[in-house]
There are 2 protein chains.
Amino acid sequence: MKLILLTLVINLFSLPAFAQRPPAISSPDVHADNSITFSYFNSNAKRVYASGEFLNKPVAMVRDTTGIWRVTVPPVTPDIYPYSFWVDSVQMADPNNTYLFANERFKRSIVDVPGNKPLIHSLQNVPHGKVSYRYYQSTTLGTTRQLLVYTPSGFEANGKKKYPVLYLIHGGSDTEETWTKVGRAHFIADNLIAQGKATPMIIVMPYGNVRPNPMADFTKDVIQDIIPFIESNYPVIKESKGRAVAGFSVGGGQTLNIGLTNTDKFAYVCSYAPYTATDEFKNNFTNWLPDAARINKQLKLFTISVGTEDFLYESVKQNIAMFKEKKLNVEPLIVSGGHTWMNCKLFLANSLQQIFK
Amino acid sequence: MKLILLTLVINLFSLPAFAQRPPAISSPDVHADNSITFSYFNSNAKRVYASGEFLNKPVAMVRDTTGIWRVTVPPVTPDIYPYSFWVDSVQMADPNNTYLFANERFKRSIVDVPGNKPLIHSLQNVPHGKVSYRYYQSTTLGTTRQLLVYTPSGFEANGKKKYPVLYLIHGGSDTEETWTKVGRAHFIADNLIAQGKATPMIIVMPYGNVRPNPMADFTKDVIQDIIPFIESNYPVIKESKGRAVAGFSVGGGQTLNIGLTNTDKFAYVCSYAPYTATDEFKNNFTNWLPDAARINKQLKLFTISVGTEDFLYESVKQNIAMFKEKKLNVEPLIVSGGHTWMNCKLFLANSLQQIFK
């Protein structure tokens, strides 16, 4: 109670005259049957909707006499879902939820529906790796940039063991935190390594949004700056068999650009729902006459994953056909679902069990 | 442009019928003279205000014909400031700004006004430490909890050097990320270590909000779970001279509770604008008859910092007087300013130059 009072006092410091004192609200509340109640306080709003990737369309929330809007959605499949509120015309994250979708252009929250058995992305009672926030000098971009590095349980910086490295790229307008904050890449790796299904590896999560320069600069940044930074700071396998690249959406397109033009450096290329309507992709692949025999020998895995309800599904199918036509051994993974981070977790869990074997 | 188009396509997926397509907006724009322009798109809102800790009161934003609301605030002192928008009655973070204030109960953004010379919290061209997200088992709380660990540049997990450790606690409703995301504790440490003004140290940033159990549980969690976790996983000095505790607001109160009841374990206690209206504080200190001579000998530094415009200023002054009356050697640091993270950074920079010397 005293904590709540303090919060109110602090909040009131910055309230304009018309502002409302927000009561303490718990939101979201995930129930035992996997239904979810969302709550939001606003005594002036005319209409409030909850919008989320577990819903076909936004659902209206209902206001009680105290100004609290609520809605309970029917049971959903256990997973982690992005959602937001629409308050009159304003889209916003749930102010009572700590867990935010890491993104540059919109503010959404995340609801974790754990279900009654642990999922591959759940925090389980297994040895945990760690995620480190590091800074590297990008000579390509002329700036110091942040990246995240997952090291598995038992990792020793100065030990004899050399680790393979997965370079894992987020989607457009996501950030270097999206693969951990939304994709739970570190928990997926912890769990699969603990189960003996994935090889202990380092996962590097850079920031892929390179603006206003063209996307090709990110390929340079990875090859000329990020890989050398990792390889001079971590005990890693410095050959293509110890390097994989994977990414989602815009990052899935970057994965194809980075991986397929550097098959001497990467033996594993895993592209998730790639967005490929870019100049770099066109320049690299439209008139490409690859030495397919050589590339197929260099690549131990080249996979493209997509959901059938993904708005990029047709484009991805065309790209798969294009790579097949060029005689590359591409392995498609087609699942249900859309252009979502629920599918990203599935794709990653799949890749982690395939690479570095 | 193509990236923007993709963003629009993705956003449109979850838009309710009445929703607006948001244009690409740059906000905030910090100008060379340290004035700041905030921008926000909403063609339906009746009034939009910008509210921030650089302003005495919220300022009205003005709508242009395209539905973009803007305001430019006069030059401010270079620093990092929290701010938010009030859209009709809704407080929200700036949707076009990636940098969010890490907090459980409100959503605000952060604007970095760098000025023309590097500040102590700026990302400078110095050797960088890293911040690792770790998981420890809390036997006290019966759960696995996340904490952040800063290790300085040159740190070797298996080296011979033993490091001192600062346990650094956030404010009420903040999270374990607030000291890095808002307080930039890692950059402050990087810069002061590079300048030779701070001793290379480990900084542990736990999650201090223990609910619904009483605050005393957090003291237990620190002593019985967090310190053992750190001391079995890092090469550290396992004596009081190698341990400091510091914290802000609710965390400042926790700092006093943890530090002053465990002077055998901590030689440095640094409390920033402490909130002390808690049962734990009352139980610990109201009828306390300390062996001041012993405690003063054990403590190498006991400091309480506060700003004169802090809403807790009178309470903090009374506590300083109370500790003085009990003959404890408390060193007050009284500065201008309020109950803000601008002052937190100042207090921390001060402490880092005093501890472990």
# chains A, B, ... in the order shown; residues from 1 in each chain; ligands from 1
>>> residues_around(residues="Thr151 (chain A)", least_positions_apart="6", cutoff="6 Å", atoms="only C-alpha atoms", output="PyMOL selection string")
chain A and resi 129-130+202
>>> write_last_selection(atoms="N, CA and C atoms", output="PDB file, in the first residue's frame")
ATOM      1  N   GLY A 129      22.226 -19.939 -19.447  1.00  0.00           N
ATOM      2  CA  GLY A 129      23.280 -19.107 -20.004  1.00  0.00           C
ATOM      3  C   GLY A 129      23.054 -17.672 -19.594  1.00  0.00           C
ATOM      4  N   LYS A 130      23.815 -16.766 -20.176  1.00  0.00           N
ATOM      5  CA  LYS A 130      23.556 -15.359 -19.890  1.00  0.00           C
ATOM      6  C   LYS A 130      23.544 -14.564 -21.181  1.00  0.00           C
ATOM      7  N   ILE A 202      27.187 -19.925 -29.071  1.00  0.00           N
ATOM      8  CA  ILE A 202      27.038 -18.503 -28.786  1.00  0.00           C
ATOM      9  C   ILE A 202      26.017 -17.952 -29.778  1.00  0.00           C
TER      10      ILE A 202
END
>>> interface_residues(of="chain B", to="chain A", cutoff="7 Å", atoms="only C-alpha atoms", output="list in words")
Leu3, Ser14, Pro16, Ala19, Asn44, Ser51, Lys57, Pro58, Ser89, Met92, Pro95, Asn96, Asn97, Thr98, Asn103, Glu104, Arg105, Phe106, Lys107, His128, Lys130, Val131, Ser132, Tyr133, Arg134, Tyr135 and Gly172 of chain B
>>> select_by_dssp(residues="region 112-224 of chain A", states="helix (DSSP H, G or I)", output="ChimeraX atom specification")
/A:178-181,185-194,216-224
>>> closest_residue(among="A:Asn296, A:Ser138, A:Thr308, A:Thr178", to="Ser336 (chain A)", atoms="only C-alpha atoms")
A:Thr308
>>> residues_around(residues="Val30 (chain B)", least_positions_apart="6", cutoff="12 Å", atoms="only C-alpha atoms", output="CSV table (one decimal) with N, CA and C atoms, in the first residue's frame")
chain,number,residue,atom,x,y,z
B,36,ILE,N,14.4,21.1,-28.0
B,36,ILE,CA,13.9,19.7,-28.4
B,36,ILE,C,12.5,19.9,-29.1
B,37,THR,N,12.4,19.2,-30.2
B,37,THR,CA,11.0,19.2,-30.8
B,37,THR,C,10.4,17.8,-30.7
B,38,PHE,N,9.2,17.7,-30.1
B,38,PHE,CA,8.5,16.5,-30.0
B,38,PHE,C,7.4,16.5,-31.0
B,39,SER,N,7.2,15.3,-31.6
B,39,SER,CA,6.2,15.2,-32.6
B,39,SER,C,5.4,13.9,-32.4
B,71,VAL,N,5.7,20.3,-30.7
B,71,VAL,CA,6.0,21.4,-29.8
B,71,VAL,C,7.5,21.4,-29.7
B,72,THR,N,8.1,22.6,-29.7
B,72,THR,CA,9.6,22.7,-29.4
B,72,THR,C,9.8,23.4,-28.1
B,73,VAL,N,10.5,22.8,-27.2
B,73,VAL,CA,10.8,23.3,-25.9
B,73,VAL,C,12.1,24.0,-25.9
B,74,PRO,N,12.3,25.1,-25.2
B,74,PRO,CA,13.5,25.9,-25.2
B,74,PRO,C,14.7,25.0,-24.7
B,75,PRO,N,15.9,25.5,-25.0
B,75,PRO,CA,17.1,24.7,-24.6
B,75,PRO,C,17.1,24.3,-23.2
B,76,VAL,N,17.5,23.0,-23.0
B,76,VAL,CA,17.6,22.4,-21.6
B,76,VAL,C,19.0,22.1,-21.3
B,77,THR,N,19.3,21.9,-20.1
B,77,THR,CA,20.6,21.5,-19.6
B,77,THR,C,20.9,20.1,-20.2
B,78,PRO,N,22.0,19.8,-20.8
B,78,PRO,CA,22.3,18.5,-21.3
B,78,PRO,C,22.1,17.4,-20.2
B,79,ASP,N,21.3,16.4,-20.5
B,79,ASP,CA,21.1,15.3,-19.6
B,79,ASP,C,20.2,14.3,-20.2
B,80,ILE,N,19.8,13.3,-19.5
B,80,ILE,CA,18.8,12.4,-20.0
B,80,ILE,C,17.5,12.6,-19.2
B,81,TYR,N,16.4,12.8,-19.9
B,81,TYR,CA,15.2,13.2,-19.3
B,81,TYR,C,14.0,12.2,-19.6
B,110,ILE,N,12.4,8.4,-23.0
B,110,ILE,CA,13.6,9.1,-22.5
B,110,ILE,C,14.2,9.9,-23.7
B,111,VAL,N,14.6,11.1,-23.4
B,111,VAL,CA,15.3,11.9,-24.4
B,111,VAL,C,16.7,12.2,-23.9
B,112,ASP,N,17.6,12.0,-24.8
B,112,ASP,CA,19.1,12.2,-24.4
B,112,ASP,C,19.5,13.5,-25.1
B,113,VAL,N,19.8,14.5,-24.3
B,113,VAL,CA,20.3,15.8,-24.8
B,113,VAL,C,21.8,15.8,-24.5
B,114,PRO,N,22.6,15.5,-25.5
B,114,PRO,CA,24.0,15.2,-25.3
B,114,PRO,C,24.9,16.4,-25.0
B,115,GLY,N,24.4,17.6,-25.5
B,115,GLY,CA,25.3,18.8,-25.3
B,115,GLY,C,26.5,18.7,-26.2
>>> atom_distance(atom1="CA of Asp217 (chain B)", atom2="CA of Leu348 (chain B)")
24.9 Å
>>> residues_around(residues="Pro200 (chain B)", least_positions_apart="4", cutoff="12 Å", atoms="only C-alpha atoms", output="number ranges by chain")
B: 127-129, 150-156, 161-166, 186, 188-196, 236, 242, 352-353, 355-357
>>> closest_residue(among="A:Cys344, A:Leu141, A:Val48, A:Leu299", to="Gly208 (chain A)", atoms="only C-alpha atoms")
A:Leu141
>>> residues_around(residues="Asn329 (chain B)", least_positions_apart="5", cutoff="10 Å", atoms="only C-alpha atoms", output="PyMOL selection string")
chain B and resi 292-293+295-297+299-303+320+323-324
>>> residues_around(residues="Ala321 (chain B)", least_positions_apart="5", cutoff="12 Å", atoms="only C-alpha atoms", output="list in words")
Ile304, Glu314, Ser315, Val316, Lys326, Lys327, Leu328, Asn329, Val330, Glu331 and Pro332 of chain B
>>> write_last_selection(atoms="C-alpha atoms", output="PDB file, in the first residue's frame")
ATOM      1  CA  ILE B 304      22.713   9.937   2.150  1.00  0.00           C
ATOM      2  CA  GLU B 314      12.165  16.941   4.644  1.00  0.00           C
ATOM      3  CA  SER B 315      11.905  13.243   5.433  1.00  0.00           C
ATOM      4  CA  VAL B 316      15.495  12.653   4.308  1.00  0.00           C
ATOM      5  CA  LYS B 326      22.615   8.036  17.089  1.00  0.00           C
ATOM      6  CA  LYS B 327      26.235   9.156  16.567  1.00  0.00           C
ATOM      7  CA  LEU B 328      26.639   7.513  13.185  1.00  0.00           C
ATOM      8  CA  ASN B 329      29.090   9.155  10.792  1.00  0.00           C
ATOM      9  CA  VAL B 330      26.654   9.931   8.017  1.00  0.00           C
ATOM     10  CA  GLU B 331      27.860  12.137   5.170  1.00  0.00           C
ATOM     11  CA  PRO B 332      24.991  14.066   3.590  1.00  0.00           C
TER      12      PRO B 332
END
>>> select_by_dssp(residues="region 140-319 of chain A", states="strand (DSSP E)", output="ChimeraX atom specification")
/A:143-151,165-169,202-205,243-248,268-272,301-307
>>> write_last_selection(atoms="N, CA and C atoms", output="tab-separated table (two decimals), in the first residue's frame")
chain	number	residue	atom	x	y	z
A	143	THR	N	30.37	4.30	-36.01
A	143	THR	CA	29.76	4.57	-34.72
A	143	THR	C	29.94	3.37	-33.80
A	144	THR	N	29.70	3.58	-32.51
A	144	THR	CA	29.71	2.49	-31.55
A	144	THR	C	28.31	1.93	-31.46
A	145	ARG	N	28.16	0.62	-31.62
A	145	ARG	CA	26.82	0.03	-31.63
A	145	ARG	C	26.71	-1.03	-30.56
A	146	GLN	N	25.49	-1.22	-30.08
A	146	GLN	CA	25.21	-2.24	-29.08
A	146	GLN	C	24.85	-3.55	-29.76
A	147	LEU	N	25.29	-4.66	-29.21
A	147	LEU	CA	24.76	-5.95	-29.62
A	147	LEU	C	24.63	-6.83	-28.38
A	148	LEU	N	23.83	-7.88	-28.52
A	148	LEU	CA	23.61	-8.81	-27.40
A	148	LEU	C	24.28	-10.13	-27.73
A	149	VAL	N	24.89	-10.72	-26.73
A	149	VAL	CA	25.60	-11.99	-26.91
A	149	VAL	C	25.11	-12.99	-25.87
A	150	TYR	N	24.50	-14.06	-26.35
A	150	TYR	CA	24.13	-15.17	-25.46
A	150	TYR	C	25.31	-16.13	-25.39
A	151	THR	N	25.72	-16.44	-24.18
A	151	THR	CA	26.70	-17.51	-23.97
A	151	THR	C	26.03	-18.58	-23.13
A	165	VAL	N	28.95	-20.14	-33.54
A	165	VAL	CA	28.23	-18.87	-33.34
A	165	VAL	C	27.08	-18.73	-34.33
A	166	LEU	N	25.91	-18.46	-33.79
A	166	LEU	CA	24.75	-18.10	-34.60
A	166	LEU	C	24.57	-16.59	-34.57
A	167	TYR	N	24.55	-15.96	-35.74
A	167	TYR	CA	24.24	-14.54	-35.85
A	167	TYR	C	22.75	-14.43	-36.16
A	168	LEU	N	22.00	-13.79	-35.26
A	168	LEU	CA	20.54	-13.86	-35.28
A	168	LEU	C	19.96	-12.44	-35.39
A	169	ILE	N	19.21	-12.20	-36.46
A	169	ILE	CA	18.81	-10.83	-36.82
A	169	ILE	C	17.30	-10.65	-36.68
A	202	ILE	N	27.19	-19.92	-29.07
A	202	ILE	CA	27.04	-18.50	-28.79
A	202	ILE	C	26.02	-17.95	-29.78
A	203	ILE	N	25.13	-17.07	-29.31
A	203	ILE	CA	24.17	-16.43	-30.22
A	203	ILE	C	24.40	-14.92	-30.16
A	204	VAL	N	24.69	-14.34	-31.29
A	204	VAL	CA	24.97	-12.90	-31.38
A	204	VAL	C	23.77	-12.22	-31.99
A	205	MET	N	23.22	-11.23	-31.29
A	205	MET	CA	22.03	-10.52	-31.77
A	205	MET	C	22.38	-9.05	-32.01
A	243	ARG	N	29.81	-21.15	-38.11
A	243	ARG	CA	29.03	-19.91	-38.22
A	243	ARG	C	27.69	-20.19	-38.89
A	244	ALA	N	26.63	-19.64	-38.28
A	244	ALA	CA	25.29	-19.70	-38.87
A	244	ALA	C	24.72	-18.29	-38.87
A	245	VAL	N	23.81	-18.02	-39.82
A	245	VAL	CA	23.10	-16.75	-39.81
A	245	VAL	C	21.62	-17.05	-39.97
A	246	ALA	N	20.82	-16.36	-39.15
A	246	ALA	CA	19.37	-16.52	-39.21
A	246	ALA	C	18.72	-15.17	-38.95
A	247	GLY	N	17.48	-15.00	-39.45
A	247	GLY	CA	16.81	-13.74	-39.21
A	247	GLY	C	15.38	-13.78	-39.68
A	248	PHE	N	14.58	-12.83	-39.20
A	248	PHE	CA	13.14	-12.79	-39.44
A	248	PHE	C	12.76	-11.55	-40.23
A	268	TYR	N	25.59	-22.37	-42.48
A	268	TYR	CA	24.17	-22.52	-42.15
A	268	TYR	C	23.46	-21.19	-42.41
A	269	VAL	N	22.42	-21.23	-43.21
A	269	VAL	CA	21.64	-20.03	-43.54
A	269	VAL	C	20.17	-20.36	-43.30
A	270	CYS	N	19.57	-19.66	-42.31
A	270	CYS	CA	18.19	-19.96	-41.91
A	270	CYS	C	17.37	-18.68	-41.99
A	271	SER	N	16.50	-18.61	-42.98
A	271	SER	CA	15.75	-17.39	-43.23
A	271	SER	C	14.29	-17.60	-42.87
A	272	TYR	N	13.76	-16.70	-42.02
A	272	TYR	CA	12.39	-16.84	-41.53
A	272	TYR	C	11.53	-15.74	-42.14
A	301	LEU	N	23.31	-26.34	-44.32
A	301	LEU	CA	21.86	-26.14	-44.18
A	301	LEU	C	21.48	-24.80	-44.79
A	302	PHE	N	20.49	-24.83	-45.67
A	302	PHE	CA	19.90	-23.60	-46.21
A	302	PHE	C	18.40	-23.80	-46.11
A	303	THR	N	17.77	-23.08	-45.18
A	303	THR	CA	16.34	-23.29	-44.97
A	303	THR	C	15.60	-21.96	-45.02
A	304	ILE	N	14.41	-22.01	-45.55
A	304	ILE	CA	13.52	-20.85	-45.55
A	304	ILE	C	12.20	-21.28	-44.91
A	305	SER	N	11.79	-20.58	-43.86
A	305	SER	CA	10.58	-20.94	-43.11
A	305	SER	C	9.54	-19.85	-43.28
A	306	VAL	N	8.27	-20.24	-43.31
A	306	VAL	CA	7.20	-19.25	-43.42
A	306	VAL	C	5.88	-19.89	-43.01
A	307	GLY	N	4.95	-19.06	-42.57
A	307	GLY	CA	3.60	-19.51	-42.25
A	307	GLY	C	2.67	-19.28	-43.43
